[in-house]
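The next block is final_0.txt, given as compact mmCIF, C-alpha atoms.
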```txt
# COMPACT_ATOMS: atom_id res chain seq x y z
CA MET A 1 -61.72 143.34 271.71
CA ASN A 2 -59.30 142.16 274.35
CA ARG A 3 -59.12 138.42 275.10
CA GLY A 4 -57.01 136.77 277.76
CA ARG A 5 -53.63 138.43 278.16
CA GLY A 6 -51.49 135.79 279.88
CA SER A 7 -48.36 135.99 281.97
CA THR A 8 -46.23 135.81 278.79
CA GLY A 9 -47.14 139.42 278.05
CA ARG A 10 -45.45 140.55 281.29
CA ARG A 11 -42.08 138.88 280.92
CA ALA A 12 -39.07 141.15 280.84
CA ARG A 13 -37.74 140.03 277.44
CA GLN A 14 -39.33 137.88 274.73
CA ARG A 15 -37.55 136.47 271.70
CA PHE A 16 -39.06 135.24 268.42
CA ASP A 17 -36.90 133.26 266.03
CA GLY A 18 -37.95 132.58 262.44
CA TRP A 19 -38.45 134.59 259.27
CA ILE A 20 -40.41 137.54 257.89
CA ALA A 21 -41.53 137.81 254.26
CA GLY A 22 -42.56 141.25 253.01
CA LEU A 23 -44.04 141.86 249.57
CA GLY A 24 -46.34 144.13 247.64
CA THR A 25 -48.82 143.50 244.84
CA THR A 26 -50.02 145.60 241.92
CA SER A 27 -53.39 146.05 243.66
CA GLY A 28 -51.63 148.27 246.21
CA THR A 29 -51.79 145.63 248.94
CA ARG A 30 -48.68 145.07 251.06
CA ILE A 31 -48.31 141.83 253.02
CA VAL A 32 -45.92 140.85 255.83
CA VAL A 33 -45.86 137.19 256.90
CA GLY A 34 -44.17 136.22 260.16
CA HIS A 35 -43.28 132.55 260.69
CA TRP A 36 -41.98 131.76 264.18
CA PRO A 37 -40.95 128.14 264.90
CA ARG A 38 -39.52 129.31 268.26
CA SER A 39 -41.35 131.86 270.40
CA PRO A 40 -42.74 132.37 273.92
CA PHE A 41 -46.10 131.23 272.50
CA GLY A 42 -44.76 128.11 270.83
CA PRO A 43 -44.62 127.79 267.03
CA PHE A 44 -47.01 130.12 265.22
CA SER A 45 -47.40 132.29 262.12
CA ASP A 46 -49.20 135.60 261.66
CA VAL A 47 -49.93 137.97 258.79
CA MET A 48 -50.00 141.76 258.70
CA ILE A 49 -51.74 143.36 255.71
CA GLU A 50 -51.98 146.98 254.64
CA ARG A 51 -54.76 147.42 252.10
CA ALA A 52 -54.65 149.92 249.25
CA ASP A 53 -57.02 152.17 251.21
CA GLY A 54 -54.61 152.23 254.18
CA GLU A 55 -56.40 149.76 256.47
CA ARG A 56 -53.91 147.84 258.62
CA LEU A 57 -55.13 144.31 259.31
CA LEU A 58 -53.69 141.63 261.60
CA LEU A 59 -54.51 137.96 261.01
CA ALA A 60 -53.43 135.97 264.07
CA PRO A 61 -53.98 132.32 265.05
CA THR A 62 -55.10 132.92 268.67
CA TRP A 63 -56.28 135.80 270.83
CA ARG A 64 -53.21 135.35 273.01
CA VAL A 65 -50.95 135.98 270.02
CA ALA A 66 -53.22 138.74 268.71
CA ASP A 67 -53.15 140.62 272.02
CA PHE A 68 -49.37 140.51 272.18
CA VAL A 69 -48.84 141.55 268.55
CA ARG A 70 -51.30 144.44 268.69
CA GLY A 71 -49.64 145.51 271.93
CA THR A 72 -46.40 145.88 269.96
CA TYR A 73 -47.62 147.10 266.54
CA LEU A 74 -50.47 149.27 265.26
CA PHE A 75 -53.60 147.95 263.51
CA ASP A 76 -57.03 149.14 262.51
CA THR A 77 -58.54 145.64 262.44
CA VAL A 78 -57.63 142.39 264.22
CA ARG A 79 -59.01 139.00 263.19
CA VAL A 80 -58.29 135.62 264.77
CA VAL A 81 -58.25 132.94 262.08
CA PRO A 82 -56.33 129.72 261.35
CA VAL A 83 -52.91 130.64 259.91
CA GLU A 84 -51.08 127.89 258.03
CA VAL A 85 -47.64 128.30 256.46
CA THR A 86 -46.04 125.57 254.35
CA ALA A 87 -42.51 126.02 252.98
CA THR A 88 -40.96 123.59 250.50
CA GLY A 89 -37.66 124.37 248.85
CA GLY A 90 -37.90 127.84 247.36
CA SER A 91 -41.67 128.16 247.58
CA CYS A 92 -44.12 128.97 250.35
CA THR A 93 -47.90 128.89 250.71
CA VAL A 94 -49.90 130.80 253.31
CA ARG A 95 -53.56 130.35 254.21
CA ALA A 96 -54.93 132.79 256.75
CA GLY A 97 -58.67 133.32 256.85
CA PRO A 98 -59.57 135.35 253.74
CA LEU A 99 -55.96 135.39 252.48
CA GLU A 100 -54.52 132.81 250.11
CA LEU A 101 -50.88 133.51 249.29
CA GLY A 102 -48.09 131.72 247.49
CA PHE A 103 -44.62 133.06 246.80
CA THR A 104 -41.21 131.93 245.62
CA VAL A 105 -37.74 133.03 246.72
CA GLY A 106 -34.46 133.18 244.81
CA ARG A 107 -30.81 133.00 245.72
CA PRO A 108 -29.40 135.50 248.23
CA GLY A 109 -27.55 138.53 246.91
CA PRO A 110 -24.43 140.17 248.42
CA LEU A 111 -26.31 141.67 251.37
CA GLY A 112 -27.92 138.32 252.16
CA LEU A 113 -24.54 136.61 252.17
CA VAL A 114 -23.08 139.27 254.47
CA LEU A 115 -25.96 138.91 256.93
CA ALA A 116 -25.60 135.12 256.96
CA ALA A 117 -21.91 135.48 257.89
CA VAL A 118 -22.61 137.44 261.11
CA PRO A 119 -22.46 135.15 264.19
CA ALA A 120 -25.96 134.61 265.57
CA PRO A 121 -25.21 135.77 269.16
CA LEU A 122 -23.88 139.06 267.79
CA ALA A 123 -26.67 139.51 265.24
CA ARG A 124 -29.45 139.23 267.83
CA SER A 125 -27.84 141.50 270.45
CA ALA A 126 -29.26 144.97 271.10
CA ALA A 127 -25.78 146.49 270.92
CA TRP A 128 -25.28 145.26 267.34
CA THR A 129 -28.33 147.24 266.20
CA VAL A 130 -26.45 150.45 266.97
CA VAL A 131 -24.37 149.51 263.92
CA THR A 132 -27.07 147.93 261.75
CA ASP A 133 -29.84 150.51 262.18
CA PRO A 134 -28.14 153.38 260.29
CA VAL A 135 -26.92 150.96 257.62
CA ALA A 136 -30.45 149.60 257.13
CA ARG A 137 -31.85 153.12 256.85
CA LEU A 138 -29.27 153.96 254.18
CA LEU A 139 -29.46 150.77 252.08
CA LEU A 140 -33.07 149.67 252.59
CA ARG A 141 -35.55 152.53 252.52
CA GLY A 142 -37.91 152.47 255.48
CA VAL A 143 -36.14 149.61 257.27
CA ARG A 144 -35.18 149.97 260.94
CA THR A 145 -33.55 147.40 263.21
CA ARG A 146 -34.37 149.06 266.56
CA GLY A 147 -37.11 151.27 267.91
CA SER A 148 -40.63 151.27 269.29
CA ALA A 149 -44.13 151.43 267.80
CA VAL A 150 -46.05 151.78 271.08
CA PRO A 151 -45.26 153.29 274.47
CA GLY A 152 -43.65 150.99 277.02
CA ARG A 153 -41.95 148.52 274.68
CA ARG A 154 -38.72 148.50 272.73
CA GLU A 155 -37.84 146.09 269.96
CA TRP A 156 -34.84 145.06 267.90
CA TYR A 157 -34.25 142.79 264.92
CA GLY A 158 -31.22 140.58 264.25
CA ALA A 159 -31.12 139.49 260.60
CA GLY A 160 -29.38 136.25 259.65
CA GLY A 161 -30.06 136.13 255.92
CA LEU A 162 -31.99 137.80 253.09
CA TRP A 163 -33.55 136.19 250.01
CA PRO A 164 -35.42 137.99 247.20
CA VAL A 165 -39.08 137.14 246.64
CA THR A 166 -39.31 136.38 242.92
CA GLY A 167 -42.99 135.63 242.33
CA VAL A 168 -46.37 135.77 244.02
CA SER A 169 -49.94 134.56 243.72
CA ALA A 170 -52.37 136.18 246.14
CA ALA A 171 -56.09 136.56 246.71
CA PHE A 172 -58.10 138.15 249.51
CA ALA A 173 -61.71 137.01 250.00
CA GLY A 174 -61.54 135.57 246.50
CA ASP A 175 -60.31 138.80 244.84
CA ASP A 176 -57.00 138.53 243.00
CA LEU A 177 -54.40 140.95 244.41
CA GLY A 178 -52.30 141.16 241.26
CA ALA A 179 -48.66 140.56 240.42
CA LEU A 180 -45.56 141.09 242.55
CA ALA A 181 -44.71 144.73 243.25
CA PRO A 182 -42.48 146.75 245.59
CA VAL A 183 -43.58 147.40 249.17
CA ASP A 184 -44.47 150.98 248.31
CA PRO A 185 -45.51 153.00 250.20
CA PRO A 186 -43.83 151.47 253.25
CA VAL A 187 -46.08 149.60 255.69
CA ARG A 188 -47.13 151.42 258.85
CA PHE A 189 -47.51 148.68 261.46
CA GLY A 190 -44.44 149.53 263.50
CA PHE A 191 -41.48 151.88 263.77
CA GLY A 192 -40.06 150.66 260.44
CA SER A 193 -41.08 148.87 257.27
CA VAL A 194 -39.79 145.78 255.50
CA PRO A 195 -37.44 146.24 252.51
CA ARG A 196 -39.01 147.98 249.51
CA ARG A 197 -37.85 145.15 247.29
CA PRO A 198 -39.89 142.04 248.22
CA ALA A 199 -37.78 139.73 250.35
CA LEU A 200 -37.72 137.00 252.98
CA THR A 201 -35.50 137.76 255.97
CA ARG A 202 -34.22 135.24 258.48
CA VAL A 203 -34.61 137.12 261.74
CA THR A 204 -34.60 137.02 265.52
CA THR A 205 -36.98 139.61 266.98
CA THR A 206 -36.61 140.66 270.62
CA VAL A 207 -39.27 142.65 272.48
CA ALA A 208 -38.56 144.13 275.91
CA PRO A 209 -40.14 146.76 278.18
CA PHE A 210 -38.59 150.17 278.60
CA ARG A 211 -37.05 150.44 282.02
```
What does the file become when written as structure tokens?
Amino acid sequence: MNRGRGSTGRRARQRFDGWIAGLGTTSGTRIVVGHWPRSPFGPFSDVMIERADGERLLLAPTWRVADFVRGTYLFDTVRVVPVEVTATGGSCTVRAGPLELGFTVGRPGPLGLVLAAVPAPLARSAAWTVVTDPVARLLLRGVRTRGSAVPGRREWYGAGGLWPVTGVSAAFAGDDLGALAPVDPPVRFGFGSVPRRPALTRVTTTVAPFR
């Protein structure tokens, strides 16, 4: 169902600044939470879920956001529901329609410290991803920092920090999703997955049309 694509969807380049948390559970569910305090749509959060049976589900707060996200990534099901993210210290809670999620993060490791040291203007540039993409493929299975999931758009990620996810509590439609587990197999929403080891990544995502 297509609702109300606005002029934002036609801009030449759109930048989203915030963080992505990717984690798996022992039920086989993999969850990716995007929290974007700064975006062309204003502040918002969204959730991408891949169920154990392979269904790819998007939970978005508005149809405007949903249309843009599913125009950039691939889903089997799209639902528009209230999405609330609350972060306090090293813990975060997410409520998104049928999903209730809580997770904790620990201290950054060596890779997280290296990413935090890269100047932000360099980290978010498309040219820098020429360096980071092969490194990400080598060190973080399934992770890409540049590419495309759908025809007509290109995308790149500039990471500014990485923190391990250390614990999770999650339920979907009242069913417990189990304990924390690797993101395995990799999620199939876009051209690359999140790290196999559950993590929260400080990131600037840029989406632009192919010319």
- Message: Let me make sure I understand: among A:Ile20, A:Leu113, A:Leu57, A:Ala120, which one has the smallest atom-to-atom distance to Val85 (chain A) if we use all atoms listed in the file?
- Response: A:Ile20
- Among listed residues A:Val105, A:Val69, A:Val47, A:Val33, nearest Ser91 (chain A) (using all atoms listed in the file):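 Smallest separation from Ser91 (chain A) among the options: A:Val105.
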- Task: Have a look at CA of Arg146 (chain A) and CA of Pro43 (chain A) and let me know their distance in Å, one decimal.
- Result: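 Atom-to-atom, CA of Arg146 (chain A) to CA of Pro43 (chain A), that is 23.6 Å.
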- Expected residue set, 12 Å radius at (-52.2, 146.8, 245.6), all atoms listed in the file, as a PyMOL selection string: chain A and resi 23-31+49-54+170-172+175-185
Env of Leu101 (chain A): 6 Å cut, atoms = all atoms listed in the file, seq-sep filter 6 positions within chain, self excluded. Answer as a compact mmCIF listing (two decimals) with C-alpha atoms, in the coordinates of the input.
```
# COMPACT_ATOMS: atom_id res chain seq x y z
CA THR A 93 -47.90 128.89 250.71
CA VAL A 94 -49.90 130.80 253.31
CA SER A 169 -49.94 134.56 243.72
CA ALA A 170 -52.37 136.18 246.14
```
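The closest residue to Trp156 (chain A), picked from A:Phe16, A:Phe44, A:Trp36, A:Phe75 and counting only C-alpha atoms, is A:Phe16.
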- Message: I'd like the neighbourhood of Gly89 (chain A) as an MDAnalysis selection string, where a residue qualifies if any of its atoms comes within 12 Å (using all atoms listed in the file), though same-chain residues fewer than 5 positions away should be ignored.
- Response: chainID A and resid 103:107
